[in-house]
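**Q** My questions all concern the structure below.
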Amino acid sequence: MEDIWLSSILIFMSCFAVKAQLKNGFYSSSCPSAETIVRSTVESYFNKDPTIAPGLLRLHFHDCFVQGCDGSVLIAGSSAERNAFPNIGLRGFEVIENAKSQIETKCPGVVSCADILALAARDAVDLSNGPSWSVGTGRRDGRVSLSSEASNMPSPLDTVSIQRLKFADKGLDDHDLVTLLGAHTIGQTECRFFSYRLYNFTTTGNSDPTINQASLSQLQTLCPKNGNGLTKVPLDKDSPAKFDVSFFKNVRDGNGVLESDQRLWGDSATRSVVQSYAGIIRGLLGYRFDQEFPKAMIKLSNIEVKTGTQGEIRKICSKFN
């Protein structure tokens, strides 16, 4: 019994130690210009194409959900994580590679690709008129990247119950779930990921009854029944390039594009968080999205991180050393 108790204490301490080793300014002595280089690189791409911001945010999210936040999604290769079906359409790889290349010139072998991605996601939100936050650094890059391990990624088809289980598996609760899905306030999706809601939701040719009728007509125009499904549609119809609470108002009003987003309104626990963010006047009642999103992102970016002597510091983000 004593051995079991001791083992439990050691496991708890080791988990705490991993988190404790991430710290703000981890590279302040070893590579003081690292965060500035990441910021300037993201800003350069953003100024040419603001849609890179949701791309980088999604890239970080997908990285953390498989093998933890270890840059495994950045590895290239036919059987690598980035080629899994849930990762179709991921973008922003070139931004991370560019920043890494610049950093390697100044501080070779010091800054991980996982940290660059976490910093880039923060900067992408900030550049989109969203909040900023301090990103703890010190992550190491993983040595495993398999498409077969990405099968449990959250899906646009997921019910709230399934989403809840997938997020809970990563230590994230209902509040985190709704808050992180609020990232859909920027970005786009393709018709093929939600068109079944418009034409054949019940397999009898009916549309999803939770879709606002005015929104349904607009979406059917953008995504015709016999189209190729590749047309891009904003996830937030009102302010798709601005990081704000408009997404939550859309969910409240039946204007969520993805089924998984709109389902947040049908569950009492997640609905209360959506209501709180949507508020009456830009979320001034209840939780403040711009304050809660950084907290949720910090939790996300701490998932199963590798530190100390674990993993490696890649020289090129798309290749193991």
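Ordering of the structure tokens sets the chain letters (A, B, ...); residue numbers start at 1 within each chain; ligands are numbered from 1 in the order shown.
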Which residues of segment 81-164 of chain A come within 7 Å of segment 223-244 of chain A, and what is each one's closest atom pair and distance in Å (one decimal), counting only C-alpha atoms, sorted by chain and residue number, as CSV?
**A**
residue,atom,partner,partner_atom,distance
A:Val125,CA,A:Phe243,CA,7.0
A:Ser128,CA,A:Lys242,CA,5.4
A:Asn129,CA,A:Phe243,CA,5.6
A:Gly130,CA,A:Phe243,CA,4.8
**Q** DSSP on the backbone, helix (DSSP H, G or I) only: what residues of segment 122-197 of chain A does that give? Format it as number ranges by chain.
**A** A: 122-127, 147-150, 160-168, 174-185, 191-193, 196-197
**Q** For those residues, write N, CA, C and O atoms to a file as a compact mmCIF listing (two decimals), in the first residue's frame.
**A**
# COMPACT_ATOMS: atom_id res chain seq x y z
N ARG A 122 -0.17 32.91 -30.41
CA ARG A 122 -0.46 34.09 -29.59
C ARG A 122 -0.40 35.37 -30.41
O ARG A 122 -1.28 36.22 -30.36
N ASP A 123 0.67 35.50 -31.22
CA ASP A 123 0.85 36.71 -32.02
C ASP A 123 -0.24 36.85 -33.08
O ASP A 123 -0.68 37.96 -33.40
N ALA A 124 -0.71 35.72 -33.61
CA ALA A 124 -1.77 35.74 -34.61
C ALA A 124 -3.06 36.31 -34.04
O ALA A 124 -3.77 37.09 -34.69
N VAL A 125 -3.39 35.93 -32.80
CA VAL A 125 -4.59 36.45 -32.14
C VAL A 125 -4.43 37.94 -31.87
O VAL A 125 -5.34 38.74 -32.12
N ASP A 126 -3.28 38.32 -31.37
CA ASP A 126 -3.01 39.73 -31.06
C ASP A 126 -3.14 40.61 -32.31
O ASP A 126 -3.74 41.69 -32.27
N LEU A 127 -2.61 40.15 -33.42
CA LEU A 127 -2.68 40.91 -34.67
C LEU A 127 -4.10 41.00 -35.22
O LEU A 127 -4.41 41.90 -36.01
N SER A 147 0.17 9.82 -38.52
CA SER A 147 -1.19 10.19 -38.90
C SER A 147 -2.22 9.33 -38.16
O SER A 147 -3.31 9.79 -37.85
N SER A 148 -1.85 8.10 -37.84
CA SER A 148 -2.78 7.19 -37.17
C SER A 148 -3.15 7.66 -35.76
O SER A 148 -4.16 7.23 -35.21
N GLU A 149 -2.35 8.54 -35.19
CA GLU A 149 -2.61 9.01 -33.82
C GLU A 149 -3.49 10.25 -33.79
O GLU A 149 -3.81 10.77 -32.72
N ALA A 150 -3.88 10.74 -34.98
CA ALA A 150 -4.70 11.96 -35.04
C ALA A 150 -6.18 11.65 -35.22
O ALA A 150 -6.97 12.55 -35.50
N VAL A 160 -21.92 17.67 -28.50
CA VAL A 160 -21.26 18.28 -27.33
C VAL A 160 -20.72 17.19 -26.41
O VAL A 160 -19.62 17.33 -25.86
N SER A 161 -21.43 16.09 -26.27
CA SER A 161 -20.98 15.00 -25.40
C SER A 161 -19.63 14.45 -25.85
O SER A 161 -18.73 14.20 -25.04
N ILE A 162 -19.49 14.28 -27.16
CA ILE A 162 -18.22 13.77 -27.70
C ILE A 162 -17.12 14.82 -27.58
O ILE A 162 -15.99 14.51 -27.20
N GLN A 163 -17.46 16.07 -27.88
CA GLN A 163 -16.48 17.14 -27.72
C GLN A 163 -16.00 17.20 -26.27
O GLN A 163 -14.80 17.33 -26.00
N ARG A 164 -16.95 17.10 -25.36
CA ARG A 164 -16.63 17.18 -23.92
C ARG A 164 -15.64 16.08 -23.53
O ARG A 164 -14.67 16.34 -22.80
N LEU A 165 -15.86 14.87 -24.02
CA LEU A 165 -14.95 13.76 -23.71
C LEU A 165 -13.56 13.99 -24.28
O LEU A 165 -12.55 13.75 -23.61
N LYS A 166 -13.50 14.47 -25.51
CA LYS A 166 -12.20 14.70 -26.15
C LYS A 166 -11.41 15.81 -25.45
O LYS A 166 -10.19 15.71 -25.28
N PHE A 167 -12.10 16.85 -25.04
CA PHE A 167 -11.43 17.95 -24.33
C PHE A 167 -11.04 17.52 -22.92
O PHE A 167 -9.94 17.85 -22.44
N ALA A 168 -11.93 16.79 -22.25
CA ALA A 168 -11.62 16.32 -20.89
C ALA A 168 -10.40 15.42 -20.88
O ALA A 168 -9.61 15.43 -19.93
N ASP A 174 -15.64 22.20 -19.69
CA ASP A 174 -16.66 22.81 -20.56
C ASP A 174 -16.36 24.27 -20.85
O ASP A 174 -16.57 24.75 -21.98
N HIS A 175 -15.90 24.98 -19.84
CA HIS A 175 -15.57 26.40 -20.02
C HIS A 175 -14.45 26.57 -21.04
O HIS A 175 -14.52 27.42 -21.93
N ASP A 176 -13.43 25.71 -20.93
CA ASP A 176 -12.31 25.74 -21.90
C ASP A 176 -12.81 25.39 -23.29
O ASP A 176 -12.40 26.01 -24.28
N LEU A 177 -13.68 24.38 -23.37
CA LEU A 177 -14.22 23.93 -24.65
C LEU A 177 -14.89 25.08 -25.40
O LEU A 177 -14.56 25.36 -26.56
N VAL A 178 -15.82 25.76 -24.75
CA VAL A 178 -16.53 26.87 -25.40
C VAL A 178 -15.57 28.02 -25.72
O VAL A 178 -15.62 28.61 -26.80
N THR A 179 -14.69 28.31 -24.78
CA THR A 179 -13.75 29.43 -24.96
C THR A 179 -12.83 29.18 -26.15
O THR A 179 -12.62 30.07 -26.98
N LEU A 180 -12.28 27.98 -26.24
CA LEU A 180 -11.35 27.67 -27.34
C LEU A 180 -12.07 27.60 -28.68
O LEU A 180 -11.51 28.01 -29.71
N LEU A 181 -13.32 27.11 -28.70
CA LEU A 181 -14.07 27.12 -29.96
C LEU A 181 -14.37 28.55 -30.40
O LEU A 181 -14.64 28.80 -31.57
N GLY A 182 -14.29 29.48 -29.46
CA GLY A 182 -14.44 30.89 -29.80
C GLY A 182 -13.38 31.38 -30.76
O GLY A 182 -13.51 32.47 -31.35
N ALA A 183 -12.31 30.60 -30.95
CA ALA A 183 -11.29 30.93 -31.94
C ALA A 183 -11.90 30.98 -33.34
O ALA A 183 -11.33 31.56 -34.26
N HIS A 184 -13.10 30.36 -33.49
CA HIS A 184 -13.79 30.40 -34.79
C HIS A 184 -14.36 31.77 -35.10
O HIS A 184 -15.04 31.94 -36.10
N THR A 185 -14.08 32.74 -34.24
CA THR A 185 -14.44 34.12 -34.55
C THR A 185 -13.61 34.64 -35.72
O THR A 185 -13.96 35.63 -36.35
N CYS A 191 -17.32 24.40 -47.77
CA CYS A 191 -18.71 23.93 -47.84
C CYS A 191 -18.84 22.44 -47.52
O CYS A 191 -19.80 22.01 -46.88
N ARG A 192 -17.87 21.64 -47.97
CA ARG A 192 -17.97 20.18 -47.80
C ARG A 192 -18.04 19.74 -46.34
O ARG A 192 -18.48 18.63 -46.04
N PHE A 193 -17.62 20.62 -45.42
CA PHE A 193 -17.61 20.24 -44.01
C PHE A 193 -18.93 20.55 -43.30
O PHE A 193 -19.09 20.19 -42.13
N TYR A 196 -23.99 19.15 -45.59
CA TYR A 196 -25.01 18.15 -45.24
C TYR A 196 -26.08 18.79 -44.33
O TYR A 196 -27.22 18.33 -44.29
N ARG A 197 -25.72 19.84 -43.61
CA ARG A 197 -26.69 20.53 -42.75
C ARG A 197 -27.70 21.31 -43.59
O ARG A 197 -28.80 21.61 -43.11
**Q** Just give me the gap between atom CA of Gln218 of chain A and atom CA of Ile186 of chain A in Å, one decimal is fine.
**A**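 Taking atom CA of Gln218 of chain A and atom CA of Ile186 of chain A, their separation equals 18.8 Å.
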**Q** Have a look at atom CA of Ala121 of chain A and atom CA of Ile75 of chain A and let me know their distance in Å, one decimal.
**A** 17.7 Å
**Q** Tell me which protein, DNA and RNA residues are within 12 Å of Ser134 of chain A, counting only C-alpha atoms, leaving out same-chain ones fewer than 3 positions away, and put them as a PyMOL selection string.
**A** chain A and resi 22-26+35+118-123+126+131+137+294-295+297-298+301
**Q** List the spatial neighbours of segment 206-210 of chain A as a tab-separated table (two decimals) with C-alpha atoms, in the first residue's frame - criterion: any atom at most 8 Å away, only C-alpha atoms, same-chain residues fewer than 6 positions off excluded.
**A**
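Writing the result to result_10.tsv gives the following:
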chain	number	residue	atom	x	y	z
A	196	TYR	CA	-25.01	18.15	-45.24
A	197	ARG	CA	-26.69	20.53	-42.75
A	198	LEU	CA	-28.15	22.52	-45.65
A	199	TYR	CA	-29.70	19.77	-47.79
A	200	ASN	CA	-29.80	16.32	-46.25
A	254	GLY	CA	-28.69	29.97	-34.95
A	262	GLN	CA	-24.10	25.31	-33.20
**Q** I need the residue nearest Val245 of chain A from this list: A:Arg263, A:Arg140, A:Arg288, A:Lys299. Use only C-alpha atoms for the distance.
**A** A:Arg288
**Q** Which one is closest to Gly89 of chain A: A:Ser30, A:Gln310, A:Thr270, A:Gln188? Count only C-alpha atoms.
**A**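 Smallest separation from Gly89 of chain A among the options: A:Gln188.
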**Q** So what do you get for atom CA of Val111 of chain A versus atom CA of Gln291 of chain A, distance-wise?
**A** 28.2 Å
**Q** Of the residues A:Ser155, A:Thr41, A:Ser195, A:Asn302, which is the one nearest to Gly68 of chain A, using only C-alpha atoms?
**A** A:Asn302
**Q** With only C-alpha atoms as the atoms that count, which of A:Cys107, A:Leu117, A:Ala269, A:Ile88 lies nearest to Leu59 of chain A?
**A**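 Closest residue, counting only C-alpha atoms: A:Leu117.
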**Q** Identify, on the basis of only C-alpha atoms, every residue whose closest approach to Val73 of chain A does not exceed 7 Å; exclude the query and any residue fewer than 5 positions from it along the same chain; express the result as number ranges by chain.
**A** A: 63, 81-82, 145
